[in-house]
Amino acid sequence: MSSSTAKIQEQDNQYIHPWDNMHQLGRNTRTVVDRGEGVYVHDSNGNRLIDGPGGMWCVNIGHGREEMARAIYDQIMQLAYTSPWSLTTGPAAQFSQALAAEAPGDLNHVFFTTGGSTAVDSALRFVQFYNNYRGKREKKHIIARDKGYHGSTYLSASVSGKERDKNLLDFADHLVHHIPAPHPLLKPAAMSDSEFLDQCVADLENKILEIGAEKVAVFVAEPILASGGVIVPPEGYHKRCLEVCRKYDVLYLSDEVVTSFGRLGYVFASEDVFGIVPDIITTAKGLTSAYIPMGAVLISDRLLKQFDLPENGAAVFSNGFTYSGHPVAAVAGLKNLEIMKREKLCEHVRDVGPYLQEQLQTLRDIAIVSDVRGIGLMGCVECQLTQDGEDLAMDYEIGNRSDKHCQSMGLIVRPLINMCVLSPPLVITRDQIDQMVAILRKGVEMAMQECIDDGIWKP
Ligand code: PLP
């Protein structure tokens, strides 16, 4: 290990990372990543690694794009910042128009934020504001799903439904209700697919009725539950849920922080993949391919028309950020979209996505693999050491061991506990998919063999 790597790791131990375990502070030895190009990053010891998670589902156009760097540089030299309150810039205005043009239906209004959490938080605050303005002050409750992830602000974390994250933090439980994830693995063996779909939709309707429709403001759903483990709902789920929402005057917020910007082969997945035009879409991550942080909320004309009631008084949406519509981020967003269009990255994902899924399915023959699922360029290989999957320590064990072996062979996985989740940069080729899946196979098999040798698991 070079001394500079050791030095960085030592300094890094002063820094609290997301989801850090405080017992572990000062004792971490994280891999230091210091450059990237295309689907690869290089660590500080000179190893080239395929970026399996695409950063965190976000480096969509790939690493090291010079034209992106130039566009960002040029904007900084021209104007790094101005206040979005009473002023504006060309890039922010143009990017909002470009997003509206890509968005489904009448989602023509864009509110810029600093990332995904602030997009979800702002969207939920907008829903509260909308109902307050309409005089429906009781209509506040939010329905979300188990295993959903929507962010790390108070409200966006409250709507998240990952049980294992509901630990020592507090949440807005008086406002938020969770229904089961539409996870095909939860379908009882005797139930047909269509019965399971009916049950998932009934979970939403029953929850609305239980709370009282007059009190339910919004249903928030990721099209694919991403960090919950790439959960692909049964076909028709989103359409049916939207119908239920319409029936009870409940808004539909589609959280596309992961699924937009090509991940599923379209700029937005809500309509093009799932056939729905929601009331609100939140996006971030691939919005700028992570070159500069940014998020956005897209809101429908239908909702904004409701503010044409001067008799209801002022309608000031007192919510926003110093960096809303940041011109440098907006330029990155415009350049990102330009690259995606010019290089036909959505078409490319529609071509290689099914190939990735096919290749991942071949891993089902590994004894420790309990499920393989995915869509587009999102995939998940779930490993299980216990019968009921209820032992967290065992789950971490298999995930960490697979991760270590994959990295030593040139692939970053960084599993979600026991789930190896892949969302590589969209520019990935078939050959690179083959390499990625081959390494994953070896890594999981080596981890499994170790567990057998250590007596933790028996085939
Ligand atoms: N929504 C979804 C679906 C996400 O996956 C994430 C992050 O992973 C967020 C919101 C929060 O985004 P951010 O981490 O940019 O705040």
# chains A, B, ... in the order shown; residues from 1 in each chain; ligands from 1
call {"tool": "closest_atom_pairs", "arguments": {"of": "chain A", "to": "ligand 1", "cutoff": "10 Å", "atoms": "only C-alpha atoms and all ligand atoms", "output": "CSV"}}
result
residue,atom,partner,partner_atom_place_in_ligand_line,distance
A:Pro18,CA,ligand 1,14 (O),9.6
A:Met56,CA,ligand 1,8 (O),6.9
A:Trp57,CA,ligand 1,8 (O),7.5
A:Cys58,CA,ligand 1,8 (O),9.0
A:Thr113,CA,ligand 1,16 (O),9.7
A:Thr114,CA,ligand 1,15 (O),7.7
A:Gly115,CA,ligand 1,15 (O),4.1
A:Gly116,CA,ligand 1,12 (O),3.2
A:Ser117,CA,ligand 1,16 (O),3.5
A:Thr118,CA,ligand 1,16 (O),6.2
A:Ala119,CA,ligand 1,10 (C),7.6
A:Val120,CA,ligand 1,10 (C),6.4
A:Asp121,CA,ligand 1,10 (C),9.2
A:Gly148,CA,ligand 1,3 (C),7.3
A:Tyr149,CA,ligand 1,2 (C),5.3
A:His150,CA,ligand 1,1 (N),3.7
A:Gly151,CA,ligand 1,11 (C),3.7
A:Ser152,CA,ligand 1,16 (O),6.2
A:Thr153,CA,ligand 1,16 (O),7.9
A:Ser156,CA,ligand 1,10 (C),7.5
A:Ala157,CA,ligand 1,11 (C),8.8
A:Ser160,CA,ligand 1,1 (N),8.7
A:Ala221,CA,ligand 1,3 (C),8.3
A:Glu222,CA,ligand 1,3 (C),5.7
A:Pro223,CA,ligand 1,3 (C),8.6
A:Ile224,CA,ligand 1,3 (C),8.3
A:Leu225,CA,ligand 1,3 (C),7.0
A:Ala226,CA,ligand 1,5 (O),5.9
A:Ser227,CA,ligand 1,5 (O),5.9
A:Gly228,CA,ligand 1,5 (O),8.7
A:Ser254,CA,ligand 1,3 (C),9.0
A:Asp255,CA,ligand 1,3 (C),5.5
A:Glu256,CA,ligand 1,3 (C),6.0
A:Val257,CA,ligand 1,2 (C),4.7
A:Val258,CA,ligand 1,3 (C),5.4
A:Thr259,CA,ligand 1,3 (C),7.8
A:Ser260,CA,ligand 1,3 (C),9.9
A:Thr282,CA,ligand 1,1 (N),7.7
A:Thr283,CA,ligand 1,1 (N),7.6
A:Ala284,CA,ligand 1,15 (O),6.0
A:Lys285,CA,ligand 1,15 (O),6.1
A:Gly286,CA,ligand 1,15 (O),9.9
A:Ala290,CA,ligand 1,15 (O),9.3
A:Pro293,CA,ligand 1,15 (O),7.7
A:Met294,CA,ligand 1,15 (O),7.7
A:Gly295,CA,ligand 1,15 (O),7.1
call {"tool": "select_by_dssp", "arguments": {"residues": "region 278-452 of chain A", "states": "strand (DSSP E)", "output": "ChimeraX atom specification"}}
result
/A:280-283,295-299,369-375,378-383,411-412,419-422
call {"tool": "residues_around", "arguments": {"residues": "Gly90 (chain A)", "least_positions_apart": "3", "cutoff": "10 Å", "atoms": "only C-alpha atoms", "output": "tab-separated table (two decimals) with all heavy atoms, in the first residue's frame"}}
result
chain	number	residue	atom	x	y	z
A	93	ALA	N	-33.07	28.09	-16.76
A	93	ALA	CA	-34.32	28.22	-17.51
A	93	ALA	C	-34.38	27.18	-18.63
A	93	ALA	O	-35.39	26.49	-18.81
A	93	ALA	CB	-34.42	29.64	-18.08
A	94	GLN	N	-33.26	27.04	-19.35
A	94	GLN	CA	-33.26	26.08	-20.47
A	94	GLN	C	-33.41	24.64	-19.98
A	94	GLN	O	-34.10	23.83	-20.60
A	94	GLN	CB	-31.93	26.17	-21.24
A	94	GLN	CG	-31.83	27.35	-22.15
A	94	GLN	CD	-30.37	27.69	-22.47
A	94	GLN	OE1	-29.48	26.84	-22.37
A	94	GLN	NE2	-30.13	28.93	-22.81
A	95	PHE	N	-32.76	24.36	-18.86
A	95	PHE	CA	-32.84	22.97	-18.37
A	95	PHE	C	-34.25	22.65	-17.89
A	95	PHE	O	-34.75	21.55	-18.10
A	95	PHE	CB	-31.79	22.73	-17.28
A	95	PHE	CG	-31.59	21.27	-16.95
A	95	PHE	CD1	-31.65	20.29	-17.94
A	95	PHE	CD2	-31.32	20.87	-15.66
A	95	PHE	CE1	-31.47	18.94	-17.64
A	95	PHE	CE2	-31.14	19.52	-15.35
A	95	PHE	CZ	-31.22	18.56	-16.35
A	327	PRO	N	-26.59	27.26	-11.65
A	327	PRO	CA	-26.30	27.29	-13.09
A	327	PRO	C	-25.28	26.25	-13.54
A	327	PRO	O	-25.37	25.73	-14.66
A	327	PRO	CB	-25.78	28.71	-13.34
A	327	PRO	CG	-25.46	29.29	-12.00
A	327	PRO	CD	-26.29	28.56	-11.00
A	330	ALA	N	-27.09	23.02	-13.71
A	330	ALA	CA	-28.02	23.05	-14.85
A	330	ALA	C	-27.26	22.80	-16.16
A	330	ALA	O	-27.73	22.06	-17.04
A	330	ALA	CB	-28.77	24.37	-14.89
A	331	VAL	N	-26.07	23.38	-16.27
A	331	VAL	CA	-25.25	23.14	-17.47
A	331	VAL	C	-24.87	21.66	-17.55
A	331	VAL	O	-24.91	21.05	-18.62
A	331	VAL	CB	-23.99	24.05	-17.45
A	331	VAL	CG1	-22.88	23.47	-18.27
A	331	VAL	CG2	-24.36	25.44	-17.95
call {"tool": "closest_residue", "arguments": {"among": "A:Ile8, A:Ile339, A:Met22, A:Val201", "to": "Lys239 (chain A)", "atoms": "only C-alpha atoms"}}
result
A:Val201
call {"tool": "closest_residue", "arguments": {"among": "A:Glu358, A:Asp146, A:Glu343, A:Glu445", "to": "Val220 (chain A)", "atoms": "only C-alpha atoms"}}
result
A:Asp146
call {"tool": "select_by_dssp", "arguments": {"residues": "region 39-148 of chain A", "states": "helix (DSSP H, G or I)", "output": "ChimeraX atom specification"}}
result
/A:54-57,66-78,90-102,116-133
call {"tool": "residues_around", "arguments": {"residues": "region 449-451 of chain A", "least_positions_apart": "3", "cutoff": "9 Å", "atoms": "only C-alpha atoms", "output": "list of chain:residue names"}}
result
A:Leu385, A:Glu397, A:Ile398, A:Arg401, A:Val444, A:Glu445, A:Met446, A:Asp454, A:Gly455, A:Ile456, A:Trp457, A:Lys458
call {"tool": "residues_around", "arguments": {"residues": "Arg134 (chain A)", "least_positions_apart": "4", "cutoff": "10 Å", "atoms": "only C-alpha atoms", "output": "list in words"}}
result
Gln128, Phe129, Tyr130, Lys139, Gln306, Phe307, Leu309 and Asn312 of chain A
call {"tool": "write_last_selection", "arguments": {"atoms": "all heavy atoms", "output": "PDB file, in the first residue's frame"}}
result
ATOM      1  N   GLN A 128     -48.470  19.077   0.722  1.00  0.00           N
ATOM      2  CA  GLN A 128     -49.112  19.652   1.917  1.00  0.00           C
ATOM      3  C   GLN A 128     -49.595  21.072   1.629  1.00  0.00           C
ATOM      4  O   GLN A 128     -50.716  21.456   1.961  1.00  0.00           O
ATOM      5  CB  GLN A 128     -48.128  19.672   3.088  1.00  0.00           C
ATOM      6  CG  GLN A 128     -47.720  18.288   3.544  1.00  0.00           C
ATOM      7  CD  GLN A 128     -46.654  18.300   4.633  1.00  0.00           C
ATOM      8  OE1 GLN A 128     -45.905  19.265   4.772  1.00  0.00           O
ATOM      9  NE2 GLN A 128     -46.575  17.231   5.396  1.00  0.00           N
ATOM     10  N   PHE A 129     -48.732  21.835   0.990  1.00  0.00           N
ATOM     11  CA  PHE A 129     -49.033  23.224   0.629  1.00  0.00           C
ATOM     12  C   PHE A 129     -50.262  23.285  -0.287  1.00  0.00           C
ATOM     13  O   PHE A 129     -51.183  24.088  -0.087  1.00  0.00           O
ATOM     14  CB  PHE A 129     -47.766  23.754  -0.066  1.00  0.00           C
ATOM     15  CG  PHE A 129     -47.885  24.978  -0.885  1.00  0.00           C
ATOM     16  CD1 PHE A 129     -48.019  26.232  -0.292  1.00  0.00           C
ATOM     17  CD2 PHE A 129     -47.791  24.913  -2.275  1.00  0.00           C
ATOM     18  CE1 PHE A 129     -48.080  27.383  -1.067  1.00  0.00           C
ATOM     19  CE2 PHE A 129     -47.850  26.051  -3.056  1.00  0.00           C
ATOM     20  CZ  PHE A 129     -48.001  27.295  -2.447  1.00  0.00           C
ATOM     21  N   TYR A 130     -50.293  22.371  -1.264  1.00  0.00           N
ATOM     22  CA  TYR A 130     -51.391  22.299  -2.241  1.00  0.00           C
ATOM     23  C   TYR A 130     -52.720  22.036  -1.520  1.00  0.00           C
ATOM     24  O   TYR A 130     -53.726  22.711  -1.757  1.00  0.00           O
ATOM     25  CB  TYR A 130     -51.025  21.197  -3.228  1.00  0.00           C
ATOM     26  CG  TYR A 130     -52.110  20.639  -4.100  1.00  0.00           C
ATOM     27  CD1 TYR A 130     -52.468  21.269  -5.291  1.00  0.00           C
ATOM     28  CD2 TYR A 130     -52.749  19.440  -3.769  1.00  0.00           C
ATOM     29  CE1 TYR A 130     -53.441  20.724  -6.118  1.00  0.00           C
ATOM     30  CE2 TYR A 130     -53.713  18.892  -4.587  1.00  0.00           C
ATOM     31  CZ  TYR A 130     -54.061  19.535  -5.761  1.00  0.00           C
ATOM     32  OH  TYR A 130     -55.013  19.002  -6.571  1.00  0.00           O
ATOM     33  N   LYS A 139     -55.975  16.800   4.887  1.00  0.00           N
ATOM     34  CA  LYS A 139     -55.485  15.851   3.872  1.00  0.00           C
ATOM     35  C   LYS A 139     -53.954  15.892   3.834  1.00  0.00           C
ATOM     36  O   LYS A 139     -53.359  16.550   2.986  1.00  0.00           O
ATOM     37  CB  LYS A 139     -56.107  16.214   2.516  1.00  0.00           C
ATOM     38  CG  LYS A 139     -56.330  15.050   1.589  1.00  0.00           C
ATOM     39  CD  LYS A 139     -57.252  15.421   0.434  1.00  0.00           C
ATOM     40  CE  LYS A 139     -57.244  14.404  -0.698  1.00  0.00           C
ATOM     41  NZ  LYS A 139     -57.647  13.042  -0.349  1.00  0.00           N
ATOM     42  N   GLN A 306     -54.756  24.614  -9.797  1.00  0.00           N
ATOM     43  CA  GLN A 306     -55.551  24.760  -8.574  1.00  0.00           C
ATOM     44  C   GLN A 306     -55.220  26.040  -7.810  1.00  0.00           C
ATOM     45  O   GLN A 306     -55.923  26.406  -6.891  1.00  0.00           O
ATOM     46  CB  GLN A 306     -55.312  23.566  -7.644  1.00  0.00           C
ATOM     47  CG  GLN A 306     -55.639  22.230  -8.250  1.00  0.00           C
ATOM     48  CD  GLN A 306     -57.123  21.961  -8.248  1.00  0.00           C
ATOM     49  OE1 GLN A 306     -57.816  22.271  -7.295  1.00  0.00           O
ATOM     50  NE2 GLN A 306     -57.613  21.408  -9.344  1.00  0.00           N
ATOM     51  N   PHE A 307     -54.103  26.654  -8.188  1.00  0.00           N
ATOM     52  CA  PHE A 307     -53.733  27.880  -7.473  1.00  0.00           C
ATOM     53  C   PHE A 307     -54.377  29.122  -8.095  1.00  0.00           C
ATOM     54  O   PHE A 307     -54.143  30.230  -7.641  1.00  0.00           O
ATOM     55  CB  PHE A 307     -52.207  28.018  -7.401  1.00  0.00           C
ATOM     56  CG  PHE A 307     -51.588  26.954  -6.539  1.00  0.00           C
ATOM     57  CD1 PHE A 307     -51.046  25.809  -7.099  1.00  0.00           C
ATOM     58  CD2 PHE A 307     -51.598  27.078  -5.153  1.00  0.00           C
ATOM     59  CE1 PHE A 307     -50.517  24.803  -6.296  1.00  0.00           C
ATOM     60  CE2 PHE A 307     -51.062  26.085  -4.339  1.00  0.00           C
ATOM     61  CZ  PHE A 307     -50.523  24.950  -4.916  1.00  0.00           C
ATOM     62  N   LEU A 309     -57.001  30.580  -7.669  1.00  0.00           N
ATOM     63  CA  LEU A 309     -58.162  30.939  -6.840  1.00  0.00           C
ATOM     64  C   LEU A 309     -57.768  32.133  -5.970  1.00  0.00           C
ATOM     65  O   LEU A 309     -57.456  31.965  -4.779  1.00  0.00           O
ATOM     66  CB  LEU A 309     -58.546  29.762  -5.928  1.00  0.00           C
ATOM     67  CG  LEU A 309     -59.046  28.485  -6.583  1.00  0.00           C
ATOM     68  CD1 LEU A 309     -59.143  27.364  -5.569  1.00  0.00           C
ATOM     69  CD2 LEU A 309     -60.402  28.714  -7.237  1.00  0.00           C
ATOM     70  N   ASN A 312     -58.541  32.518  -2.331  1.00  0.00           N
ATOM     71  CA  ASN A 312     -57.906  31.707  -1.287  1.00  0.00           C
ATOM     72  C   ASN A 312     -56.671  32.381  -0.694  1.00  0.00           C
ATOM     73  O   ASN A 312     -56.006  31.820   0.157  1.00  0.00           O
ATOM     74  CB  ASN A 312     -57.498  30.335  -1.836  1.00  0.00           C
ATOM     75  CG  ASN A 312     -58.691  29.416  -1.984  1.00  0.00           C
ATOM     76  OD1 ASN A 312     -59.816  29.885  -1.930  1.00  0.00           O
ATOM     77  ND2 ASN A 312     -58.456  28.150  -2.169  1.00  0.00           N
TER      78      ASN A 312
END
call {"tool": "closest_residue", "arguments": {"among": "A:Ala71, A:Cys380, A:Val230, A:Val437", "to": "Met419 (chain A)", "atoms": "only C-alpha atoms"}}
result
A:Cys380
